[in-house]
>>> print(open('data_16.txt').read())   # compact mmCIF, N, CA and C atoms
# COMPACT_ATOMS: atom_id res chain seq x y z
N MET A 1139 108.91 78.73 31.45
CA MET A 1139 109.29 79.52 32.60
C MET A 1139 108.19 79.46 33.65
N GLU A 1140 108.61 79.38 34.87
CA GLU A 1140 107.69 79.39 35.99
C GLU A 1140 107.71 80.77 36.63
N SER A 1141 106.81 80.97 37.58
CA SER A 1141 106.80 82.26 38.27
C SER A 1141 106.68 82.06 39.77
N VAL A 1142 107.11 83.07 40.51
CA VAL A 1142 106.94 83.13 41.95
C VAL A 1142 106.35 84.49 42.28
N TYR A 1143 105.75 84.59 43.45
CA TYR A 1143 105.17 85.84 43.92
C TYR A 1143 105.88 86.26 45.19
N ILE A 1144 106.42 87.46 45.18
CA ILE A 1144 107.13 87.98 46.35
C ILE A 1144 106.23 89.01 47.03
N VAL A 1145 106.08 88.87 48.34
CA VAL A 1145 105.32 89.82 49.14
C VAL A 1145 106.31 90.68 49.90
N GLN A 1146 106.20 91.99 49.73
CA GLN A 1146 107.08 92.94 50.39
C GLN A 1146 106.24 93.93 51.19
N MET A 1147 106.66 94.23 52.41
CA MET A 1147 105.96 95.18 53.27
C MET A 1147 106.77 96.46 53.37
N THR A 1148 106.10 97.60 53.24
CA THR A 1148 106.74 98.91 53.30
C THR A 1148 106.11 99.74 54.41
N PHE A 1149 106.93 100.32 55.26
CA PHE A 1149 106.47 101.21 56.32
C PHE A 1149 106.92 102.63 56.02
N SER A 1150 106.01 103.56 56.06
CA SER A 1150 106.28 104.99 55.87
C SER A 1150 107.07 105.28 54.60
N GLY A 1151 106.97 104.42 53.60
CA GLY A 1151 107.62 104.64 52.32
C GLY A 1151 109.12 104.42 52.30
N VAL A 1152 109.73 104.07 53.45
CA VAL A 1152 111.19 103.94 53.47
C VAL A 1152 111.69 102.61 54.02
N LYS A 1153 110.98 101.99 54.93
CA LYS A 1153 111.45 100.75 55.53
C LYS A 1153 110.77 99.58 54.83
N ASN A 1154 111.55 98.77 54.13
CA ASN A 1154 111.02 97.65 53.35
C ASN A 1154 111.59 96.33 53.85
N TYR A 1155 110.76 95.30 53.82
CA TYR A 1155 111.30 93.97 54.04
C TYR A 1155 110.44 92.95 53.31
N VAL A 1156 111.05 91.85 52.93
CA VAL A 1156 110.36 90.79 52.22
C VAL A 1156 109.66 89.90 53.25
N VAL A 1157 108.37 89.70 53.04
CA VAL A 1157 107.57 88.87 53.92
C VAL A 1157 107.73 87.40 53.54
N GLY A 1158 107.75 87.13 52.22
CA GLY A 1158 107.90 85.75 51.78
C GLY A 1158 107.85 85.62 50.27
N VAL A 1159 108.18 84.42 49.80
CA VAL A 1159 108.15 84.08 48.38
C VAL A 1159 107.20 82.88 48.24
N PHE A 1160 106.26 82.99 47.29
CA PHE A 1160 105.20 81.99 47.18
C PHE A 1160 105.07 81.50 45.74
N GLU A 1161 104.61 80.27 45.58
CA GLU A 1161 104.47 79.69 44.26
C GLU A 1161 103.17 80.07 43.58
N ASN A 1162 102.17 80.52 44.35
CA ASN A 1162 100.91 80.91 43.72
C ASN A 1162 100.37 82.21 44.31
N LEU A 1163 99.58 82.88 43.52
CA LEU A 1163 99.05 84.20 43.88
C LEU A 1163 98.13 84.14 45.09
N GLU A 1164 97.33 83.10 45.20
CA GLU A 1164 96.38 82.99 46.30
C GLU A 1164 97.09 82.97 47.65
N ASP A 1165 98.17 82.20 47.76
CA ASP A 1165 98.93 82.15 49.02
C ASP A 1165 99.57 83.50 49.32
N ALA A 1166 100.12 84.15 48.31
CA ALA A 1166 100.76 85.45 48.50
C ALA A 1166 99.74 86.48 48.98
N GLU A 1167 98.57 86.51 48.36
CA GLU A 1167 97.53 87.46 48.77
C GLU A 1167 97.03 87.18 50.18
N LYS A 1168 96.91 85.91 50.54
CA LYS A 1168 96.45 85.55 51.89
C LYS A 1168 97.45 86.03 52.94
N VAL A 1169 98.74 85.79 52.71
CA VAL A 1169 99.76 86.23 53.67
C VAL A 1169 99.77 87.76 53.77
N ALA A 1170 99.67 88.45 52.63
CA ALA A 1170 99.64 89.91 52.65
C ALA A 1170 98.44 90.42 53.45
N THR A 1171 97.28 89.82 53.23
CA THR A 1171 96.08 90.22 53.96
C THR A 1171 96.23 89.94 55.46
N ASP A 1172 96.78 88.79 55.81
CA ASP A 1172 96.99 88.45 57.22
C ASP A 1172 97.93 89.46 57.89
N LYS A 1173 99.01 89.82 57.20
CA LYS A 1173 99.96 90.79 57.76
C LYS A 1173 99.30 92.15 57.96
N MET A 1174 98.56 92.61 56.94
CA MET A 1174 97.92 93.93 57.03
C MET A 1174 96.86 93.95 58.12
N SER A 1175 96.13 92.87 58.29
CA SER A 1175 95.07 92.85 59.30
C SER A 1175 95.62 92.92 60.71
N LYS A 1176 96.90 92.62 60.89
CA LYS A 1176 97.54 92.78 62.20
C LYS A 1176 97.85 94.25 62.49
N VAL A 1177 97.94 95.06 61.43
CA VAL A 1177 98.26 96.49 61.56
C VAL A 1177 96.98 97.32 61.61
N THR A 1178 96.05 97.02 60.70
CA THR A 1178 94.79 97.77 60.60
C THR A 1178 93.73 96.90 59.94
N ASN A 1179 92.48 97.19 60.23
CA ASN A 1179 91.38 96.48 59.58
C ASN A 1179 90.79 97.28 58.44
N ASP A 1180 91.37 98.43 58.15
CA ASP A 1180 90.86 99.32 57.11
C ASP A 1180 91.88 99.41 55.97
N TYR A 1181 91.72 98.55 54.96
CA TYR A 1181 92.67 98.48 53.85
C TYR A 1181 91.95 98.06 52.58
N TYR A 1182 92.63 98.20 51.44
CA TYR A 1182 92.04 97.82 50.15
C TYR A 1182 93.13 97.45 49.16
N TRP A 1183 92.75 96.68 48.12
CA TRP A 1183 93.67 96.27 47.07
C TRP A 1183 93.66 97.26 45.93
N VAL A 1184 94.82 97.50 45.33
CA VAL A 1184 94.97 98.34 44.14
C VAL A 1184 95.78 97.55 43.13
N ASP A 1185 95.28 97.47 41.89
CA ASP A 1185 96.03 96.81 40.82
C ASP A 1185 97.07 97.76 40.27
N GLY A 1186 98.30 97.26 40.11
CA GLY A 1186 99.37 98.04 39.50
C GLY A 1186 99.59 97.55 38.08
N ILE A 1187 100.82 97.66 37.63
CA ILE A 1187 101.15 97.14 36.30
C ILE A 1187 100.89 95.64 36.33
N PRO A 1188 100.68 94.99 35.18
CA PRO A 1188 100.40 93.55 35.18
C PRO A 1188 101.42 92.77 36.01
N GLY A 1189 100.89 91.91 36.89
CA GLY A 1189 101.75 91.11 37.76
C GLY A 1189 102.04 91.76 39.09
N THR A 1190 101.46 92.93 39.35
CA THR A 1190 101.71 93.64 40.61
C THR A 1190 100.39 94.09 41.22
N LYS A 1191 100.24 93.84 42.52
CA LYS A 1191 99.08 94.33 43.28
C LYS A 1191 99.59 94.96 44.56
N PHE A 1192 98.87 95.96 45.04
CA PHE A 1192 99.23 96.65 46.27
C PHE A 1192 98.08 96.54 47.25
N LEU A 1193 98.41 96.23 48.48
CA LEU A 1193 97.44 96.23 49.57
C LEU A 1193 97.80 97.43 50.43
N VAL A 1194 96.92 98.43 50.46
CA VAL A 1194 97.27 99.69 51.13
C VAL A 1194 96.31 100.00 52.26
N GLU A 1195 96.86 100.67 53.24
CA GLU A 1195 96.09 101.14 54.37
C GLU A 1195 95.17 102.27 53.89
N ASN A 1196 93.94 102.26 54.32
CA ASN A 1196 93.00 103.32 53.98
C ASN A 1196 93.24 104.48 54.94
N ALA A 1197 94.22 105.32 54.59
CA ALA A 1197 94.65 106.40 55.48
C ALA A 1197 93.97 107.72 55.09
N LYS A 1198 93.73 108.54 56.08
CA LYS A 1198 93.13 109.85 55.82
C LYS A 1198 94.16 110.83 55.26
N GLU A 1199 95.40 110.68 55.64
CA GLU A 1199 96.45 111.58 55.17
C GLU A 1199 97.48 110.82 54.36
N LYS A 1200 98.54 110.37 55.00
CA LYS A 1200 99.63 109.68 54.31
C LYS A 1200 99.58 108.19 54.62
N ILE A 1201 99.71 107.37 53.58
CA ILE A 1201 99.73 105.92 53.77
C ILE A 1201 101.00 105.55 54.52
N GLN A 1202 100.85 104.82 55.61
CA GLN A 1202 101.99 104.42 56.42
C GLN A 1202 102.42 102.98 56.15
N VAL A 1203 101.47 102.13 55.76
CA VAL A 1203 101.78 100.72 55.56
C VAL A 1203 101.25 100.27 54.20
N MET A 1204 102.09 99.56 53.44
CA MET A 1204 101.68 99.03 52.15
C MET A 1204 102.35 97.67 51.95
N LEU A 1205 101.60 96.73 51.40
CA LEU A 1205 102.17 95.44 51.02
C LEU A 1205 102.08 95.32 49.51
N THR A 1206 103.15 94.84 48.91
CA THR A 1206 103.22 94.66 47.46
C THR A 1206 103.32 93.18 47.15
N VAL A 1207 102.48 92.71 46.23
CA VAL A 1207 102.57 91.34 45.73
C VAL A 1207 102.99 91.46 44.27
N LYS A 1208 104.19 90.96 43.96
CA LYS A 1208 104.72 91.10 42.61
C LYS A 1208 105.11 89.74 42.05
N LYS A 1209 104.74 89.53 40.80
CA LYS A 1209 105.05 88.29 40.11
C LYS A 1209 106.42 88.40 39.43
N TYR A 1210 107.26 87.40 39.64
CA TYR A 1210 108.57 87.33 39.01
C TYR A 1210 108.67 86.02 38.24
N LEU A 1211 109.17 86.09 37.03
CA LEU A 1211 109.41 84.90 36.23
C LEU A 1211 110.76 84.31 36.61
N VAL A 1212 110.80 83.00 36.75
CA VAL A 1212 112.06 82.32 37.09
C VAL A 1212 112.33 81.24 36.06
N ASN A 1213 113.58 81.01 35.79
CA ASN A 1213 113.98 80.00 34.81
C ASN A 1213 114.62 78.84 35.56
N ASN A 1214 113.89 77.75 35.65
CA ASN A 1214 114.41 76.58 36.36
C ASN A 1214 115.03 75.60 35.37
N LYS A 1215 116.33 75.67 35.21
CA LYS A 1215 117.03 74.75 34.30
C LYS A 1215 118.01 73.91 35.09
>>> encode(input="data_16.txt", output="structure tokens")
Amino acid sequence: MESVYIVQMTFSGVKNYVVGVFENLEDAEKVATDKMSKVTNDYYWVDGIPGTKFLVENAKEKIQVMLTVKKYLVNNK
């Protein structure tokens, strides 16, 4: 089985959209970082469950922007 990495952007916890699908983690993380840097320069990575990472805005109150990088297994037959 192979895997892909999906980058999803979330605004205010309710508006979600897929940024892209990537074959390797490095490309997915780079695109997530590039997208976040267009919104704010103050952000950090958080590890979630295995195969999931979150790039979150360093907010004083409520996080408004978050990018999720999640690994999905795919079966190419």
>>> atom_distance(input="data_16.txt", atom1="CA of Ile1144 (chain A)", atom2="CA of Gly1158 (chain A)")
5.9 Å
>>> residues_around(input="data_16.txt", residues="Val1184 (chain A)", least_positions_apart="5", cutoff="6.5 Å", atoms="only N, CA and C atoms", output="PyMOL selection string")
chain A and resi 1190-1194
>>> residues_around(input="data_16.txt", residues="Tyr1210 (chain A)", least_positions_apart="4", cutoff="10 Å", atoms="only C-alpha atoms", output="PDB file with N, CA and C atoms, in the frame of the given file")
ATOM      1  N   GLU A1140     108.610  79.380  34.870  1.00  0.00           N
ATOM      2  CA  GLU A1140     107.690  79.390  35.990  1.00  0.00           C
ATOM      3  C   GLU A1140     107.710  80.770  36.630  1.00  0.00           C
ATOM      4  N   SER A1141     106.810  80.970  37.580  1.00  0.00           N
ATOM      5  CA  SER A1141     106.800  82.260  38.270  1.00  0.00           C
ATOM      6  C   SER A1141     106.680  82.060  39.770  1.00  0.00           C
ATOM      7  N   VAL A1142     107.110  83.070  40.510  1.00  0.00           N
ATOM      8  CA  VAL A1142     106.940  83.130  41.950  1.00  0.00           C
ATOM      9  C   VAL A1142     106.350  84.490  42.280  1.00  0.00           C
ATOM     10  N   TYR A1143     105.750  84.590  43.450  1.00  0.00           N
ATOM     11  CA  TYR A1143     105.170  85.840  43.920  1.00  0.00           C
ATOM     12  C   TYR A1143     105.880  86.260  45.190  1.00  0.00           C
ATOM     13  N   ILE A1144     106.420  87.460  45.180  1.00  0.00           N
ATOM     14  CA  ILE A1144     107.130  87.980  46.350  1.00  0.00           C
ATOM     15  C   ILE A1144     106.230  89.010  47.030  1.00  0.00           C
ATOM     16  N   VAL A1159     108.180  84.420  49.800  1.00  0.00           N
ATOM     17  CA  VAL A1159     108.150  84.080  48.380  1.00  0.00           C
ATOM     18  C   VAL A1159     107.200  82.880  48.240  1.00  0.00           C
ATOM     19  N   GLY A1189     100.890  91.910  36.890  1.00  0.00           N
ATOM     20  CA  GLY A1189     101.750  91.110  37.760  1.00  0.00           C
ATOM     21  C   GLY A1189     102.040  91.760  39.090  1.00  0.00           C
ATOM     22  N   THR A1190     101.460  92.930  39.350  1.00  0.00           N
ATOM     23  CA  THR A1190     101.710  93.640  40.610  1.00  0.00           C
ATOM     24  C   THR A1190     100.390  94.090  41.220  1.00  0.00           C
TER      25      THR A1190
END
>>> closest_residue(input="data_16.txt", among="A:Val1157, A:Val1145, A:Val1177, A:Ala1170", to="Lys1208 (chain A)", atoms="only C-alpha atoms")
A:Val1145
>>> select_by_dssp(input="data_16.txt", residues="chain A", states="helix (DSSP H, G or I)", output="VMD selection string")
chain A and resid 1163 to 1177
>>> atom_distance(input="data_16.txt", atom1="CA of Asn1179 (chain A)", atom2="CA of Lys1209 (chain A)")
25.2 Å
>>> residues_around(input="data_16.txt", residues="Val1203 (chain A)", least_positions_apart="2", cutoff="6 Å", atoms="only N, CA and C atoms", output="list in words")
Thr1148, Phe1149, Ser1150, Leu1193, Val1194, Glu1195, Ile1201 and Leu1205 of chain A
>>> atom_distance(input="data_16.txt", atom1="atom C of Tyr1181 (chain A)", atom2="atom N of Val1156 (chain A)")
20.1 Å
>>> select_by_dssp(input="data_16.txt", residues="region 1141-1215 of chain A", states="strand (DSSP E)", output="ChimeraX atom specification")
/A:1141-1149,1153-1160,1181-1185,1190-1195,1203-1212
>>> closest_residue(input="data_16.txt", among="A:Asn1213, A:Thr1171, A:Asn1162, A:Asn1196", to="Met1147 (chain A)", atoms="only C-alpha atoms")
A:Thr1171
>>> axis_aligned_box(input="data_16.txt", around="region 1189-1198 of chain A", padding_each_side="8 Å", output="AutoDock Vina command-line options")
--center_x 97.5 --center_y 101.0 --center_z 46.5 --size_x 25.0 --size_y 35.7 --size_z 35.2
>>> decode(input="data_16.txt", residues="region 1201-1213 of chain A", atoms="all heavy atoms", output="PDB file, in the first residue's frame")
ATOM      1  N   ILE A1201      -7.819  30.367  18.009  1.00  0.00           N
ATOM      2  CA  ILE A1201      -7.122  30.088  16.754  1.00  0.00           C
ATOM      3  C   ILE A1201      -8.093  30.295  15.603  1.00  0.00           C
ATOM      4  O   ILE A1201      -9.185  29.737  15.585  1.00  0.00           O
ATOM      5  CB  ILE A1201      -6.557  28.654  16.748  1.00  0.00           C
ATOM      6  CG1 ILE A1201      -5.471  28.526  17.811  1.00  0.00           C
ATOM      7  CG2 ILE A1201      -6.046  28.280  15.374  1.00  0.00           C
ATOM      8  CD1 ILE A1201      -4.972  27.114  18.004  1.00  0.00           C
ATOM      9  N   GLN A1202      -7.691  31.104  14.636  1.00  0.00           N
ATOM     10  CA  GLN A1202      -8.540  31.400  13.490  1.00  0.00           C
ATOM     11  C   GLN A1202      -8.162  30.587  12.253  1.00  0.00           C
ATOM     12  O   GLN A1202      -8.999  30.308  11.423  1.00  0.00           O
ATOM     13  CB  GLN A1202      -8.460  32.891  13.148  1.00  0.00           C
ATOM     14  CG  GLN A1202      -8.988  33.782  14.250  1.00  0.00           C
ATOM     15  CD  GLN A1202     -10.481  33.592  14.482  1.00  0.00           C
ATOM     16  OE1 GLN A1202     -11.257  33.478  13.543  1.00  0.00           O
ATOM     17  NE2 GLN A1202     -10.883  33.560  15.736  1.00  0.00           N
ATOM     18  N   VAL A1203      -6.878  30.228  12.138  1.00  0.00           N
ATOM     19  CA  VAL A1203      -6.403  29.526  10.951  1.00  0.00           C
ATOM     20  C   VAL A1203      -5.604  28.300  11.375  1.00  0.00           C
ATOM     21  O   VAL A1203      -4.755  28.385  12.257  1.00  0.00           O
ATOM     22  CB  VAL A1203      -5.510  30.431  10.083  1.00  0.00           C
ATOM     23  CG1 VAL A1203      -5.015  29.682   8.861  1.00  0.00           C
ATOM     24  CG2 VAL A1203      -6.235  31.689   9.684  1.00  0.00           C
ATOM     25  N   MET A1204      -5.890  27.150  10.747  1.00  0.00           N
ATOM     26  CA  MET A1204      -5.155  25.928  11.023  1.00  0.00           C
ATOM     27  C   MET A1204      -5.028  25.140   9.724  1.00  0.00           C
ATOM     28  O   MET A1204      -5.968  25.068   8.940  1.00  0.00           O
ATOM     29  CB  MET A1204      -5.891  25.081  12.062  1.00  0.00           C
ATOM     30  CG  MET A1204      -5.238  23.757  12.351  1.00  0.00           C
ATOM     31  SD  MET A1204      -6.068  22.820  13.650  1.00  0.00           S
ATOM     32  CE  MET A1204      -7.596  22.393  12.828  1.00  0.00           C
ATOM     33  N   LEU A1205      -3.855  24.565   9.513  1.00  0.00           N
ATOM     34  CA  LEU A1205      -3.653  23.660   8.388  1.00  0.00           C
ATOM     35  C   LEU A1205      -3.374  22.272   8.939  1.00  0.00           C
ATOM     36  O   LEU A1205      -2.642  22.125   9.910  1.00  0.00           O
ATOM     37  CB  LEU A1205      -2.491  24.113   7.509  1.00  0.00           C
ATOM     38  CG  LEU A1205      -2.891  25.271   6.587  1.00  0.00           C
ATOM     39  CD1 LEU A1205      -2.149  26.506   6.953  1.00  0.00           C
ATOM     40  CD2 LEU A1205      -2.683  24.901   5.152  1.00  0.00           C
ATOM     41  N   THR A1206      -3.997  21.276   8.336  1.00  0.00           N
ATOM     42  CA  THR A1206      -3.833  19.890   8.755  1.00  0.00           C
ATOM     43  C   THR A1206      -3.135  19.122   7.642  1.00  0.00           C
ATOM     44  O   THR A1206      -3.524  19.232   6.482  1.00  0.00           O
ATOM     45  CB  THR A1206      -5.202  19.234   9.036  1.00  0.00           C
ATOM     46  OG1 THR A1206      -5.903  20.015   9.990  1.00  0.00           O
ATOM     47  CG2 THR A1206      -5.045  17.818   9.541  1.00  0.00           C
ATOM     48  N   VAL A1207      -2.099  18.370   8.006  1.00  0.00           N
ATOM     49  CA  VAL A1207      -1.434  17.472   7.066  1.00  0.00           C
ATOM     50  C   VAL A1207      -1.719  16.061   7.573  1.00  0.00           C
ATOM     51  O   VAL A1207      -1.318  15.697   8.666  1.00  0.00           O
ATOM     52  CB  VAL A1207       0.091  17.729   7.015  1.00  0.00           C
ATOM     53  CG1 VAL A1207       0.759  16.719   6.094  1.00  0.00           C
ATOM     54  CG2 VAL A1207       0.387  19.149   6.579  1.00  0.00           C
ATOM     55  N   LYS A1208      -2.464  15.288   6.783  1.00  0.00           N
ATOM     56  CA  LYS A1208      -2.871  13.953   7.219  1.00  0.00           C
ATOM     57  C   LYS A1208      -2.465  12.913   6.182  1.00  0.00           C
ATOM     58  O   LYS A1208      -2.635  13.119   4.982  1.00  0.00           O
ATOM     59  CB  LYS A1208      -4.376  13.893   7.433  1.00  0.00           C
ATOM     60  CG  LYS A1208      -4.848  12.541   7.947  1.00  0.00           C
ATOM     61  CD  LYS A1208      -6.162  12.650   8.670  1.00  0.00           C
ATOM     62  CE  LYS A1208      -6.696  11.343   9.146  1.00  0.00           C
ATOM     63  NZ  LYS A1208      -5.825  10.554   9.969  1.00  0.00           N
ATOM     64  N   LYS A1209      -1.929  11.817   6.685  1.00  0.00           N
ATOM     65  CA  LYS A1209      -1.501  10.719   5.825  1.00  0.00           C
ATOM     66  C   LYS A1209      -2.670   9.757   5.608  1.00  0.00           C
ATOM     67  O   LYS A1209      -3.339   9.357   6.549  1.00  0.00           O
ATOM     68  CB  LYS A1209      -0.345   9.972   6.497  1.00  0.00           C
ATOM     69  CG  LYS A1209       0.181   8.808   5.715  1.00  0.00           C
ATOM     70  CD  LYS A1209       1.322   8.153   6.470  1.00  0.00           C
ATOM     71  CE  LYS A1209       1.906   6.995   5.722  1.00  0.00           C
ATOM     72  NZ  LYS A1209       3.040   6.400   6.467  1.00  0.00           N
ATOM     73  N   TYR A1210      -2.901   9.401   4.346  1.00  0.00           N
ATOM     74  CA  TYR A1210      -3.933   8.441   3.982  1.00  0.00           C
ATOM     75  C   TYR A1210      -3.282   7.303   3.205  1.00  0.00           C
ATOM     76  O   TYR A1210      -2.472   7.546   2.304  1.00  0.00           O
ATOM     77  CB  TYR A1210      -5.012   9.087   3.108  1.00  0.00           C
ATOM     78  CG  TYR A1210      -5.881  10.055   3.842  1.00  0.00           C
ATOM     79  CD1 TYR A1210      -5.536  11.399   3.940  1.00  0.00           C
ATOM     80  CD2 TYR A1210      -7.061   9.639   4.453  1.00  0.00           C
ATOM     81  CE1 TYR A1210      -6.339  12.303   4.618  1.00  0.00           C
ATOM     82  CE2 TYR A1210      -7.862  10.524   5.143  1.00  0.00           C
ATOM     83  CZ  TYR A1210      -7.496  11.845   5.213  1.00  0.00           C
ATOM     84  OH  TYR A1210      -8.291  12.731   5.909  1.00  0.00           O
ATOM     85  N   LEU A1211      -3.631   6.087   3.541  1.00  0.00           N
ATOM     86  CA  LEU A1211      -3.163   4.925   2.796  1.00  0.00           C
ATOM     87  C   LEU A1211      -4.055   4.712   1.584  1.00  0.00           C
ATOM     88  O   LEU A1211      -5.276   4.820   1.681  1.00  0.00           O
ATOM     89  CB  LEU A1211      -3.151   3.683   3.672  1.00  0.00           C
ATOM     90  CG  LEU A1211      -2.234   3.739   4.879  1.00  0.00           C
ATOM     91  CD1 LEU A1211      -2.375   2.472   5.711  1.00  0.00           C
ATOM     92  CD2 LEU A1211      -0.786   3.926   4.459  1.00  0.00           C
ATOM     93  N   VAL A1212      -3.444   4.420   0.453  1.00  0.00           N
ATOM     94  CA  VAL A1212      -4.209   4.161  -0.769  1.00  0.00           C
ATOM     95  C   VAL A1212      -3.796   2.818  -1.335  1.00  0.00           C
ATOM     96  O   VAL A1212      -2.650   2.405  -1.215  1.00  0.00           O
ATOM     97  CB  VAL A1212      -4.013   5.273  -1.816  1.00  0.00           C
ATOM     98  CG1 VAL A1212      -4.621   6.569  -1.356  1.00  0.00           C
ATOM     99  CG2 VAL A1212      -2.545   5.474  -2.147  1.00  0.00           C
ATOM    100  N   ASN A1213      -4.725   2.151  -1.951  1.00  0.00           N
ATOM    101  CA  ASN A1213      -4.469   0.843  -2.536  1.00  0.00           C
ATOM    102  C   ASN A1213      -4.507   0.984  -4.051  1.00  0.00           C
ATOM    103  O   ASN A1213      -5.565   1.171  -4.636  1.00  0.00           O
ATOM    104  CB  ASN A1213      -5.534  -0.145  -2.048  1.00  0.00           C
ATOM    105  CG  ASN A1213      -5.198  -1.567  -2.413  1.00  0.00           C
ATOM    106  OD1 ASN A1213      -4.175  -1.816  -3.028  1.00  0.00           O
ATOM    107  ND2 ASN A1213      -6.056  -2.488  -2.044  1.00  0.00           N
TER     108      ASN A1213
END
